[in-house]
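Q: Structure file target-v7.cif, mmCIF, C-alpha atoms, is pasted below:
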```cif
data_my_file
#
loop_
_atom_site.group_PDB
_atom_site.id
_atom_site.type_symbol
_atom_site.label_atom_id
_atom_site.label_comp_id
_atom_site.auth_asym_id
_atom_site.auth_seq_id
_atom_site.Cartn_x
_atom_site.Cartn_y
_atom_site.Cartn_z
ATOM 1 C CA MET Q 27 0.000 0.000 0.000
ATOM 2 C CA ASP Q 28 1.334 3.438 -0.930
ATOM 3 C CA GLY Q 29 0.093 5.251 2.207
ATOM 4 C CA GLU Q 30 -2.222 7.619 0.284
ATOM 5 C CA GLY Q 31 -5.151 5.249 -0.089
ATOM 6 C CA ILE Q 32 -8.636 5.980 1.130
ATOM 7 C CA ARG Q 33 -8.424 7.580 4.556
ATOM 8 C CA LEU Q 34 -11.504 7.422 6.718
ATOM 9 C CA ASP Q 35 -10.142 9.727 9.400
ATOM 10 C CA ARG Q 36 -10.153 12.799 7.105
ATOM 11 C CA PRO Q 37 -12.948 14.428 5.167
ATOM 12 C CA LYS Q 38 -12.785 14.200 1.407
ATOM 13 C CA ALA Q 39 -11.397 17.137 -0.460
ATOM 14 C CA ARG Q 40 -14.101 19.175 -2.112
ATOM 15 C CA ARG Q 41 -14.557 18.578 -5.769
ATOM 16 C CA ARG Q 42 -14.934 21.486 -8.074
ATOM 17 C CA SER Q 43 -18.411 21.715 -9.481
ATOM 18 C CA PRO Q 44 -19.234 23.305 -12.807
ATOM 19 C CA LEU Q 45 -22.456 24.580 -11.258
ATOM 20 C CA PRO Q 46 -22.461 27.913 -9.480
ATOM 21 C CA ARG Q 47 -22.704 27.878 -5.692
ATOM 22 C CA TRP Q 48 -25.323 29.837 -3.831
ATOM 23 C CA ASP Q 49 -26.237 30.295 -0.260
ATOM 24 C CA PRO Q 50 -29.522 28.427 0.348
ATOM 25 C CA GLU Q 51 -30.492 30.898 3.070
ATOM 26 C CA ALA Q 52 -29.954 33.904 0.804
ATOM 27 C CA PHE Q 53 -31.837 32.173 -2.004
ATOM 28 C CA GLY Q 54 -34.697 31.366 0.373
ATOM 29 C CA LYS Q 55 -34.867 34.959 1.623
ATOM 30 C CA ALA Q 56 -34.910 36.249 -1.959
ATOM 31 C CA SER Q 57 -37.697 33.822 -2.869
ATOM 32 C CA GLU Q 58 -39.703 35.006 0.140
ATOM 33 C CA ARG Q 59 -39.308 38.633 -0.917
ATOM 34 C CA ILE Q 60 -40.434 37.780 -4.452
ATOM 35 C CA ALA Q 61 -43.365 35.687 -3.213
ATOM 36 C CA ARG Q 62 -44.351 38.476 -0.831
ATOM 37 C CA PHE Q 63 -44.304 40.963 -3.731
ATOM 38 C CA LEU Q 64 -46.288 38.617 -6.007
ATOM 39 C CA GLY Q 65 -49.065 38.545 -3.419
ATOM 40 C CA THR Q 66 -49.583 42.309 -3.283
ATOM 41 C CA GLY Q 67 -52.026 44.622 -4.960
ATOM 42 C CA ARG Q 68 -49.063 46.600 -6.288
ATOM 43 C CA PHE Q 69 -47.911 43.582 -8.320
ATOM 44 C CA ILE Q 70 -51.410 43.078 -9.734
ATOM 45 C CA ALA Q 71 -51.615 46.772 -10.629
ATOM 46 C CA TRP Q 72 -48.195 46.701 -12.335
ATOM 47 C CA MET Q 73 -49.031 43.470 -14.169
ATOM 48 C CA THR Q 74 -52.400 44.865 -15.291
ATOM 49 C CA ALA Q 75 -50.735 48.056 -16.547
ATOM 50 C CA PHE Q 76 -48.081 46.007 -18.361
ATOM 51 C CA VAL Q 77 -50.600 43.715 -20.073
ATOM 52 C CA ALA Q 78 -52.907 46.628 -20.919
ATOM 53 C CA SER Q 79 -50.057 48.621 -22.464
ATOM 54 C CA TRP Q 80 -48.873 45.513 -24.344
ATOM 55 C CA LEU Q 81 -52.352 44.941 -25.754
ATOM 56 C CA ALA Q 82 -52.900 48.624 -26.535
ATOM 57 C CA TRP Q 83 -49.580 48.862 -28.374
ATOM 58 C CA ASN Q 84 -50.178 45.736 -30.420
ATOM 59 C CA ILE Q 85 -53.762 46.714 -31.304
ATOM 60 C CA LEU Q 86 -53.510 50.490 -31.800
ATOM 61 C CA ALA Q 87 -49.978 50.919 -33.153
ATOM 62 C CA PRO Q 88 -49.384 51.032 -36.895
ATOM 63 C CA PRO Q 89 -49.062 47.506 -38.307
ATOM 64 C CA ARG Q 90 -45.331 47.853 -39.045
ATOM 65 C CA LEU Q 91 -44.621 48.729 -35.336
ATOM 66 C CA ARG Q 92 -46.631 45.846 -33.857
ATOM 67 C CA PHE Q 93 -44.333 43.126 -32.538
ATOM 68 C CA ASP Q 94 -47.001 40.690 -31.258
ATOM 69 C CA PRO Q 95 -50.081 40.578 -33.486
ATOM 70 C CA PHE Q 96 -53.582 39.499 -32.455
ATOM 71 C CA PRO Q 97 -53.292 36.042 -30.912
ATOM 72 C CA PHE Q 98 -50.615 37.660 -28.689
ATOM 73 C CA ILE Q 99 -48.520 34.514 -28.593
ATOM 74 C CA PHE Q 100 -45.429 36.293 -27.263
ATOM 75 C CA LEU Q 101 -47.469 37.818 -24.388
ATOM 76 C CA THR Q 102 -48.879 34.379 -23.572
ATOM 77 C CA LEU Q 103 -45.353 32.953 -23.573
ATOM 78 C CA MET Q 104 -44.090 35.686 -21.227
ATOM 79 C CA LEU Q 105 -46.991 35.235 -18.799
ATOM 80 C CA SER Q 106 -46.463 31.456 -18.818
ATOM 81 C CA LEU Q 107 -42.763 31.947 -18.116
ATOM 82 C CA GLN Q 108 -43.569 34.313 -15.238
ATOM 83 C CA ALA Q 109 -46.054 31.793 -13.795
ATOM 84 C CA SER Q 110 -43.600 28.907 -14.158
ATOM 85 C CA TYR Q 111 -41.012 30.805 -12.104
ATOM 86 C CA SER Q 112 -43.354 32.297 -9.535
ATOM 87 C CA ALA Q 113 -45.055 29.016 -8.571
ATOM 88 C CA PRO Q 114 -41.863 27.298 -7.299
ATOM 89 C CA LEU Q 115 -40.731 30.487 -5.568
ATOM 90 C CA ILE Q 116 -44.056 30.745 -3.767
ATOM 91 C CA LEU Q 117 -43.829 27.074 -2.768
ATOM 92 C CA LEU Q 118 -40.293 27.564 -1.473
ATOM 93 C CA ALA Q 119 -41.438 30.544 0.589
ATOM 94 C CA GLN Q 120 -44.340 28.496 1.979
ATOM 95 C CA TYR Q 121 -42.025 25.632 2.944
ATOM 96 C CA ARG Q 122 -39.699 28.035 4.733
ATOM 97 C CA GLN Q 123 -42.658 29.581 6.566
ATOM 98 C CA ALA Q 124 -43.907 26.124 7.529
ATOM 99 C CA ASP Q 125 -40.455 25.297 8.930
ATOM 100 C CA ARG Q 126 -40.421 28.531 10.958
ATOM 101 C CA ASP Q 127 -43.938 27.821 12.205
ATOM 102 C CA ARG Q 128 -42.897 24.309 13.255
ATOM 103 C CA VAL Q 129 -39.921 25.674 15.231
ATOM 104 C CA ASN Q 130 -42.108 28.352 16.865
ATOM 105 C CA LEU Q 131 -44.734 25.759 17.721
ATOM 106 C CA GLU Q 132 -42.110 23.542 19.352
ATOM 107 C CA GLN Q 133 -40.775 26.484 21.371
ATOM 108 C CA ASP Q 134 -44.309 27.443 22.415
ATOM 109 C CA ARG Q 135 -45.001 23.860 23.467
ATOM 110 C CA LYS Q 136 -41.853 23.773 25.621
ATOM 111 C CA GLN Q 137 -42.733 27.144 27.156
ATOM 112 C CA ASN Q 138 -46.240 25.891 27.942
ATOM 113 C CA GLU Q 139 -44.801 22.780 29.596
ATOM 114 C CA ARG Q 140 -42.550 24.967 31.759
ATOM 115 C CA SER Q 141 -45.481 27.226 32.648
ATOM 116 C CA ILE Q 142 -47.636 24.249 33.613
ATOM 117 C CA ALA Q 143 -44.838 22.817 35.759
ATOM 118 C CA ASP Q 144 -44.342 26.207 37.461
ATOM 119 C CA THR Q 145 -48.079 26.550 38.064
ATOM 120 C CA GLU Q 146 -48.292 23.066 39.567
ATOM 121 C CA PHE Q 147 -45.307 23.820 41.818
ATOM 122 C CA LEU Q 148 -46.858 27.086 43.008
ATOM 123 C CA THR Q 149 -50.193 25.341 43.594
ATOM 124 C CA ARG Q 150 -48.477 22.754 45.800
ATOM 125 C CA GLU Q 151 -46.640 25.519 47.671
ATOM 126 C CA ILE Q 152 -49.865 27.453 48.283
ATOM 127 C CA ALA Q 153 -51.572 24.281 49.513
ATOM 128 C CA ALA Q 154 -48.661 23.649 51.888
ATOM 129 C CA LEU Q 155 -48.861 27.236 53.168
ATOM 130 C CA ARG Q 156 -52.591 26.933 53.749
ATOM 131 C CA THR Q 157 -52.072 23.705 55.652
ATOM 132 C CA GLY Q 158 -49.333 25.338 57.696
ATOM 133 C CA LEU Q 159 -51.472 28.385 58.460
ATOM 134 C CA GLY Q 160 -54.083 26.138 60.044
ATOM 135 C CA GLU Q 161 -51.526 25.256 62.751
ATOM 136 C CA VAL Q 162 -50.164 28.782 63.294
ATOM 137 C CA ALA Q 163 -51.730 31.409 65.467
ATOM 138 C CA THR Q 164 -52.922 34.200 63.241
ATOM 139 C CA ARG Q 165 -52.905 37.882 64.135
ATOM 140 C CA ASP Q 166 -56.677 37.920 64.591
ATOM 141 C CA TRP Q 167 -56.573 34.915 66.928
ATOM 142 C CA LEU Q 168 -53.820 36.520 69.029
ATOM 143 C CA ARG Q 169 -55.758 39.777 69.176
ATOM 144 C CA ASP Q 170 -58.847 37.912 70.384
ATOM 145 C CA GLN Q 171 -56.820 36.071 73.016
ATOM 146 C CA LEU Q 172 -55.321 39.316 74.314
ATOM 147 C CA GLU Q 173 -58.737 40.930 74.382
ATOM 148 C CA ASP Q 174 -60.088 37.987 76.415
ATOM 149 C CA LEU Q 175 -57.198 38.291 78.871
ATOM 150 C CA ARG Q 176 -57.799 42.004 79.265
ATOM 151 C CA ARG Q 177 -61.488 41.453 80.005
ATOM 152 C CA GLU Q 178 -60.930 38.795 82.687
ATOM 153 C CA PRO Q 179 -60.772 40.228 86.239
ATOM 154 C CA ASP Q 180 -57.862 38.067 87.417
ATOM 155 C CA GLY Q 181 -55.697 38.864 84.332
ATOM 156 C CA GLY Q 182 -56.120 35.446 82.756
ATOM 157 C CA ARG Q 183 -54.565 33.473 85.607
ATOM 158 C CA SER Q 184 -57.550 31.192 85.883
ATOM 159 C CA ALA Q 185 -58.227 28.206 83.674
ATOM 160 C CA PRO Q 186 -59.079 29.089 80.107
ATOM 161 C CA ARG Q 187 -62.768 29.159 79.583
ATOM 162 C CA PRO Q 188 -64.252 27.360 76.603
ATOM 163 C CA GLY Q 189 -65.889 29.618 74.169
ATOM 164 C CA VAL Q 190 -65.700 31.249 70.779
ATOM 165 C CA HIS Q 191 -62.136 32.490 71.156
ATOM 166 C CA GLY Q 192 -60.738 29.754 73.353
ATOM 167 C CA GLU Q 193 -58.725 27.867 70.704
ATOM 168 C CA PRO Q 194 -56.977 28.787 67.497
ATOM 169 C CA PRO Q 195 -59.231 28.547 64.447
ATOM 170 C CA ALA Q 196 -58.931 25.295 62.494
ATOM 171 C CA GLU Q 197 -58.809 25.748 58.722
#
```
Translate the structure of the given file into structure tokens.

A:
Amino acid sequence: MDGEGIRLDRPKARRRSPLPRWDPEAFGKASERIARFLGTGRFIAWMTAFVASWLAWNILAPPRLRFDPFPFIFLTLMLSLQASYSAPLILLAQYRQADRDRVNLEQDRKQNERSIADTEFLTREIAALRTGLGEVATRDWLRDQLEDLRREPDGGRSAPRPGVHGEPPAE
């Protein structure tokens, strides 16, 4: 073996291609701009003006200056060519938009999962706090106890009397 055989630990050297190279992202952005323009009223107005002027020239001009007589075959060819290029560009723009929508949907789904997890955590924390508050003397309960002590003639040294404010509220 000569030592320069097929090496699997190195990438292959790039071959020169007779085809021009283009950036797929730049091409996609350009197709989106074209597709966005083709879907506007401005494009329809410009196309209508173009076709109307084409027809007017080829109907009203002197016969020797007409370049596309009545069946308007050249106009039909140009409109077909425009349609054959615009359809794939519009499809490419739609595919790119669908890809962006899919990525956004996935991000929204993950965000919703995080929000649900946070909400469940906070719900559990609130439930734990409520349970804990049932065992803690609240400000109102302490105020009632102090008021009861103040009202008793012996200053609260006797046995606690059962009643409305005798025990902390159970929640």

Q: Using only C-alpha atoms for the distances, tell me which of Q:Leu118, Q:Leu107, Q:Ile85, Q:Ser79 is nearest to Pro50 in chain Q.

A: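 Comparing Q:Leu118, Q:Leu107, Q:Ile85, Q:Ser79 against Pro50 in chain Q, the winner is Q:Leu118.
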
Q: So how far away is CA of Pro46 in chain Q from CA of Asp125 in chain Q, in Å?

A: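 Pair CA of Asp125 in chain Q / CA of Pro46 in chain Q returns 25.9 Å.
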
Q: Between CA of Leu81 in chain Q and CA of Leu101 in chain Q, what is the distance, to one decimal in Å?

A: 8.7 Å

Q: For Pro114 in chain Q, which residue out of Q:Asp35, Q:Glu139, Q:Glu58, Q:Asp127 is the nearest one, using only C-alpha atoms?

A: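 Smallest distance to Pro114 in chain Q is found for Q:Glu58.
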
Q: For CA of Trp72 in chain Q and CA of Glu51 in chain Q, quote the distance in Å rounded to one decimal.

A: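 Separation between CA of Trp72 in chain Q and CA of Glu51 in chain Q: 28.3 Å.
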